[in-house]
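Have a look at model16.txt below; it lists compact mmCIF, C-alpha atoms.
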```txt
# COMPACT_ATOMS: atom_id res chain seq x y z
CA MET H 72 28.20 -154.56 72.72
CA TYR H 73 29.92 -157.30 74.74
CA ASP H 74 29.59 -157.81 78.47
CA PRO H 75 32.17 -160.08 80.19
CA THR H 76 29.86 -160.93 83.09
CA VAL H 77 27.06 -162.08 80.80
CA ALA H 78 29.61 -164.03 78.77
CA ARG H 79 30.99 -165.76 81.85
CA LEU H 80 27.53 -166.75 83.07
CA THR H 81 26.62 -168.04 79.61
CA TYR H 82 29.80 -170.08 79.27
CA ARG H 83 29.17 -171.55 82.70
CA ALA H 84 25.64 -172.52 81.71
CA LEU H 85 26.68 -174.05 78.39
CA LEU H 86 29.76 -175.86 79.62
CA GLY H 87 28.35 -177.36 82.79
CA ARG H 88 29.10 -181.03 83.31
CA ARG H 89 25.86 -182.33 81.87
CA ARG H 90 25.67 -180.12 78.79
CA ALA H 91 29.41 -180.50 78.09
CA LEU H 92 28.95 -184.28 77.95
CA ILE H 93 26.14 -183.85 75.44
CA LEU H 94 28.17 -181.37 73.38
CA GLY H 95 31.16 -183.70 73.33
CA ALA H 96 29.27 -186.87 72.38
CA LEU H 97 28.79 -186.17 68.66
CA PRO H 98 32.35 -184.89 68.03
CA LEU H 99 33.72 -187.98 69.76
CA LEU H 100 31.48 -190.19 67.64
CA LEU H 101 32.70 -188.42 64.49
CA ILE H 102 36.33 -189.08 65.40
CA VAL H 103 35.58 -192.73 66.16
CA ILE H 104 33.80 -193.11 62.80
CA ALA H 105 36.71 -191.42 60.99
CA VAL H 106 39.25 -193.74 62.60
CA ALA H 107 37.16 -196.83 61.86
CA VAL H 108 36.58 -195.83 58.23
CA ARG H 109 40.26 -195.04 57.68
CA LEU H 110 41.31 -198.41 59.14
CA LEU H 111 38.75 -200.33 57.09
CA SER H 112 38.94 -198.57 53.73
CA GLY H 113 42.11 -196.50 53.78
CA ALA H 114 42.41 -192.89 52.59
CA ASP H 115 39.76 -192.04 50.03
CA ASP H 116 38.56 -188.58 49.00
CA GLN H 117 34.98 -189.59 48.22
CA THR H 118 34.65 -191.43 51.52
CA ALA H 119 35.91 -188.35 53.34
CA VAL H 120 33.28 -186.23 51.58
CA ASN H 121 30.57 -188.74 52.47
CA VAL H 122 31.47 -188.80 56.16
CA LEU H 123 32.13 -185.09 56.60
CA GLY H 124 29.15 -184.02 54.50
CA GLY H 125 26.71 -186.71 55.60
CA PHE H 126 27.44 -186.73 59.32
CA ALA H 127 29.60 -183.78 60.38
CA LEU H 128 27.95 -180.96 58.44
CA ALA H 129 24.45 -182.42 58.03
CA THR H 130 23.96 -183.75 61.56
CA MET H 131 26.63 -182.83 64.08
CA VAL H 132 26.96 -179.10 63.37
CA PRO H 133 23.23 -178.23 63.47
CA ILE H 134 22.60 -180.33 66.60
CA ILE H 135 25.49 -178.67 68.41
CA GLY H 136 24.10 -175.36 67.19
CA VAL H 137 20.74 -176.25 68.72
CA ILE H 138 22.31 -177.11 72.07
CA ALA H 139 24.52 -174.02 72.19
CA GLY H 140 22.09 -171.53 70.66
CA THR H 141 19.02 -172.44 72.67
CA GLY H 142 21.04 -173.16 75.80
CA ALA H 143 22.56 -169.69 75.77
CA ILE H 144 19.27 -168.08 76.81
CA GLY H 145 16.36 -170.53 76.75
CA PRO H 146 16.84 -172.04 80.24
CA GLU H 147 17.10 -168.56 81.79
CA ILE H 148 13.78 -167.57 80.26
CA ASP H 149 12.15 -170.85 81.27
CA ASP H 150 13.16 -170.67 84.94
CA GLY H 151 12.73 -166.90 85.22
CA SER H 152 16.38 -166.18 86.09
CA VAL H 153 16.60 -163.92 83.02
CA VAL H 154 14.93 -161.29 85.22
CA TYR H 155 18.27 -160.97 87.05
CA LEU H 156 19.98 -159.96 83.80
CA LEU H 157 17.17 -157.69 82.71
CA SER H 158 17.31 -155.85 86.04
CA LYS H 159 20.91 -154.83 85.38
CA PRO H 160 21.81 -151.59 83.58
CA LEU H 161 22.55 -153.44 80.35
CA LYS H 162 21.18 -152.74 76.91
CA ARG H 163 19.07 -155.66 75.70
CA PRO H 164 21.00 -155.94 72.40
CA THR H 165 24.22 -156.20 74.43
CA ILE H 166 22.83 -159.25 76.22
CA ILE H 167 21.84 -160.85 72.92
CA TYR H 168 25.13 -160.04 71.17
CA THR H 169 27.15 -161.37 74.09
CA LYS H 170 25.18 -164.59 74.25
CA LEU H 171 25.43 -164.94 70.47
CA ILE H 172 29.21 -164.61 70.58
CA VAL H 173 29.40 -167.28 73.27
CA ALA H 174 27.04 -169.58 71.37
CA ILE H 175 29.06 -169.13 68.17
CA ALA H 176 32.34 -169.82 69.97
CA VAL H 177 31.01 -172.99 71.61
CA THR H 178 29.45 -174.23 68.37
CA MET H 179 32.67 -173.61 66.45
CA VAL H 180 34.87 -175.38 68.99
CA PHE H 181 32.65 -178.45 69.25
CA SER H 182 31.97 -178.70 65.51
CA ALA H 183 34.74 -177.17 63.39
CA VAL H 184 37.67 -178.58 65.37
CA PRO H 185 36.49 -182.22 65.29
CA THR H 186 35.55 -181.78 61.63
CA LEU H 187 39.13 -180.79 60.84
CA VAL H 188 40.56 -183.66 62.90
CA ALA H 189 38.21 -186.16 61.26
CA GLY H 190 39.07 -184.85 57.81
CA LEU H 191 42.79 -185.18 58.45
CA ILE H 192 42.26 -188.74 59.67
CA LEU H 193 40.11 -189.69 56.68
CA ASN H 194 42.31 -188.48 53.83
CA GLY H 195 45.00 -186.18 55.19
CA ASN H 196 43.29 -183.11 53.71
CA GLY H 197 43.57 -184.41 50.16
CA GLN H 198 41.98 -181.92 47.70
CA GLN H 199 41.54 -179.54 50.66
CA ILE H 200 38.49 -181.55 51.78
CA ALA H 201 39.24 -181.33 55.51
CA VAL H 202 39.86 -177.59 55.38
CA ALA H 203 36.83 -177.00 53.14
CA TYR H 204 34.44 -178.74 55.52
CA THR H 205 36.06 -177.03 58.49
CA VAL H 206 35.41 -173.61 56.93
CA ALA H 207 31.86 -174.72 56.13
CA ALA H 208 31.37 -175.75 59.76
CA LEU H 209 32.68 -172.36 60.91
CA VAL H 210 30.31 -170.32 58.76
CA ALA H 211 27.39 -172.65 59.51
CA SER H 212 28.10 -172.26 63.23
CA ILE H 213 27.46 -168.52 63.00
CA ALA H 214 24.11 -168.87 61.25
CA TYR H 215 22.94 -171.80 63.39
CA ALA H 216 23.88 -170.04 66.64
CA ALA H 217 21.92 -166.92 65.63
CA LEU H 218 18.93 -168.90 64.41
CA PHE H 219 18.68 -171.13 67.47
CA LEU H 220 19.37 -168.27 69.88
CA LEU H 221 16.32 -166.61 68.35
CA LEU H 222 14.29 -169.78 68.89
CA GLY H 223 15.43 -169.85 72.51
CA THR H 224 14.17 -166.29 72.90
CA VAL H 225 10.74 -166.73 71.32
CA SER H 226 9.69 -170.25 72.33
CA ARG H 227 9.72 -172.51 75.35
CA HIS H 228 10.00 -175.45 72.94
CA ALA H 229 13.12 -174.13 71.24
CA VAL H 230 15.09 -177.38 71.51
CA VAL H 231 12.29 -179.40 69.93
CA LEU H 232 11.80 -176.84 67.16
CA GLY H 233 15.53 -176.66 66.57
CA LEU H 234 15.86 -180.43 66.29
CA VAL H 235 12.89 -180.54 63.91
CA TYR H 236 14.60 -177.98 61.70
CA ALA H 237 17.99 -179.68 61.90
CA LEU H 238 16.89 -183.28 61.48
CA VAL H 239 13.67 -183.01 59.49
CA TRP H 240 14.06 -179.93 57.31
CA GLU H 241 17.81 -179.95 56.70
CA ALA H 242 18.65 -183.66 56.88
CA LEU H 243 15.44 -185.12 55.42
CA PHE H 244 13.73 -182.55 53.19
CA GLY H 245 17.07 -180.96 52.32
CA SER H 246 18.26 -184.23 50.82
CA LEU H 247 15.01 -185.20 49.10
CA VAL H 248 13.28 -182.00 47.97
CA PRO H 249 15.31 -179.80 45.57
CA GLY H 250 13.49 -176.58 46.48
CA ALA H 251 14.10 -177.09 50.20
CA ARG H 252 17.84 -177.20 49.65
CA THR H 253 17.90 -173.55 48.69
CA LEU H 254 16.58 -172.61 52.15
CA SER H 255 19.15 -174.65 54.02
CA VAL H 256 22.08 -173.44 56.10
CA GLN H 257 23.78 -176.70 55.21
CA GLN H 258 23.63 -175.95 51.48
CA TRP H 259 24.80 -172.38 52.02
CA SER H 260 27.83 -173.60 53.93
CA LEU H 261 28.46 -176.28 51.29
CA ALA H 262 28.74 -173.50 48.71
CA VAL H 263 31.59 -172.06 50.76
CA ALA H 264 33.19 -175.50 51.07
CA GLN H 265 32.93 -176.00 47.32
CA LYS H 266 34.80 -172.75 46.74
CA VAL H 267 37.53 -173.62 49.24
CA SER H 268 38.09 -177.12 47.87
CA GLY H 269 38.16 -175.96 44.26
CA GLY H 270 37.22 -179.42 43.03
CA ASP H 271 34.08 -181.22 41.99
CA LEU H 272 33.73 -183.60 44.94
CA ILE H 273 31.89 -181.05 47.08
CA THR H 274 28.78 -179.58 45.48
CA SER H 275 25.98 -177.26 46.51
CA ASP H 276 22.61 -176.35 45.03
CA VAL H 277 23.24 -172.70 45.93
CA GLY H 278 25.72 -170.31 44.32
CA LEU H 279 28.45 -168.78 46.49
CA THR H 280 27.15 -165.20 46.24
CA THR H 281 23.60 -166.24 47.10
CA ALA H 282 24.87 -168.40 49.96
CA ALA H 283 26.96 -165.56 51.42
CA VAL H 284 24.03 -163.12 51.25
CA LEU H 285 21.62 -165.60 52.85
CA LEU H 286 24.06 -166.57 55.61
CA ALA H 287 24.59 -162.90 56.46
CA ALA H 288 20.88 -162.07 56.23
CA VAL H 289 19.80 -164.93 58.50
CA THR H 290 22.46 -164.09 61.08
CA VAL H 291 21.68 -160.36 61.15
CA LEU H 292 17.89 -160.68 61.09
CA ALA H 293 17.78 -163.46 63.70
CA THR H 294 20.05 -161.48 66.02
CA TRP H 295 18.06 -158.28 65.57
CA TYR H 296 14.72 -159.97 66.15
CA ALA H 297 16.03 -161.79 69.23
CA GLY H 298 16.99 -158.41 70.65
CA GLN H 299 13.52 -157.05 69.93
CA LYS H 300 11.85 -160.03 71.61
CA LEU H 301 14.05 -159.68 74.69
CA ARG H 302 13.14 -156.02 74.85
CA SER H 303 9.42 -156.82 74.69
CA LEU H 304 9.92 -159.46 77.37
CA THR H 305 11.33 -156.75 79.63
CA LEU H 306 8.37 -154.48 78.98
CA ALA H 307 5.95 -157.30 79.72
CA GLY H 308 7.67 -157.97 83.02
CA GLU H 309 7.59 -154.32 84.04
CA GLU H 310 3.90 -154.04 83.23
```
What do you get writing this file as structure tokens?
Amino acid sequence: MYDPTVARLTYRALLGRRRALILGALPLLLIVIAVAVRLLSGADDQTAVNVLGGFALATMVPIIGVIAGTGAIGPEIDDGSVVYLLSKPLKRPTIIYTKLIVAIAVTMVFSAVPTLVAGLILNGNGQQIAVAYTVAALVASIAYAALFLLLGTVSRHAVVLGLVYALVWEALFGSLVPGARTLSVQQWSLAVAQKVSGGDLITSDVGLTTAAVLLAAVTVLATWYAGQKLRSLTLAGEE
């Protein structure tokens, strides 16, 4: 279910000079903010939670997920080069799974690693806050990559739709409307972070069991449906 050639082409597309600069901008900004906050206010657990929860998990991780998830397949569909892949003797789910693995890996590297570094800078991992948010970023990366890969498969406006979800639904409605928080990858990953930290500084509106089920369901269903859409795209091209 994994093809090295597809993976190599996808990595090359995602880590080209232009996209790599975009992917690296937010992690760099997070590190700069962490250093500035530590110098100005010293080590403080609540400040670390505010920065890692308010910027890293709520903004940086989903945006990187949008870039990696949609960029793994969207541009190929837009410019028609996906026909090259579809003409090869590859199962359509294999293409989707391979691109998903690449998107997850890129999202994790550009989100979880800087989250850990920023957490260590902010409070030296006091109360396991740095590790908790790193684990949250890792699990969120999987769901975001699957969700935005699906968007890249079904829509030519995947980046716009992904940013609307990340910035409007998760960041805005997710912080203002209680009911919306339940349907939020951010809240699901926060439930995992809450469990890892074991304290009361990190909270989530969703229980751990519910969060785990929803994270798994979104990842599996989004991946399956993306494979179905790619298969129908092939049939449309052959007709």
message: Using all atoms listed in the file, which protein or nucleic acid residues come within 9 Å of range 188-193 of chain H? Drop anything in the same chain fewer than 6 positions from it, and give the result as a PyMOL selection string.
response: chain H and resi 101-106+108-109+113-116+118-120+122-123+127+200-202+204-205
Residues of range 214-272 of chain H that have any atom at most 10 Å from an atom of range 158-171 of chain H: could you tabulate them with the shortest-distance atom pair and the distance in Å to one decimal, using only C-alpha atoms, ordered by chain and increasing number, as a tab-separated table?
```
residue	atom	partner	partner_atom	distance
H:Ala216	CA	H:Leu171	CA	6.6
H:Ala217	CA	H:Leu171	CA	6.3
H:Leu218	CA	H:Leu171	CA	9.7
H:Phe219	CA	H:Leu171	CA	9.6
H:Leu220	CA	H:Leu171	CA	6.9
H:Leu221	CA	H:Ile167	CA	9.2
H:Thr224	CA	H:Ile167	CA	9.4
```
Centre and edges of the range 112-117 of chain H box, axis-aligned, 5 Å extra per side, as AutoDock Vina command-line options:
```
--center_x 38.7 --center_y -193.6 --center_z 51.0 --size_x 17.4 --size_y 20.0 --size_z 15.6
```
query: Counting all atoms listed in the file, which of H:Val137, H:Ile172, H:Val184, H:Val177 gets nearest to His228 in chain H?
result: H:Val137
message: With distances taken over only C-alpha atoms, which residue among H:Ile273, H:Ala176, H:Leu86, H:Ile144 lies nearest Gly298 in chain H?
response: H:Ile144
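Proximity of H:Ala78, H:Val267, H:Val154, H:Val277 to Val173 in chain H, computed with all atoms listed in the file, is greatest for H:Ala78.
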- request: Please provide the set of residues having any atom within 10 Å of Trp259 in chain H, restricted to all atoms listed in the file, with same-chain residues fewer than 6 positions apart removed, written as a list in words.
  value: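 Close residues of Trp259 in chain H: Ala207, Val210, Ala211, Ala214, Arg252, Thr253, Ser275, Asp276, Val277, Gly278, Leu279, Thr280, Thr281, Ala282, Ala283, Val284, Leu285 and Leu286 of chain H.
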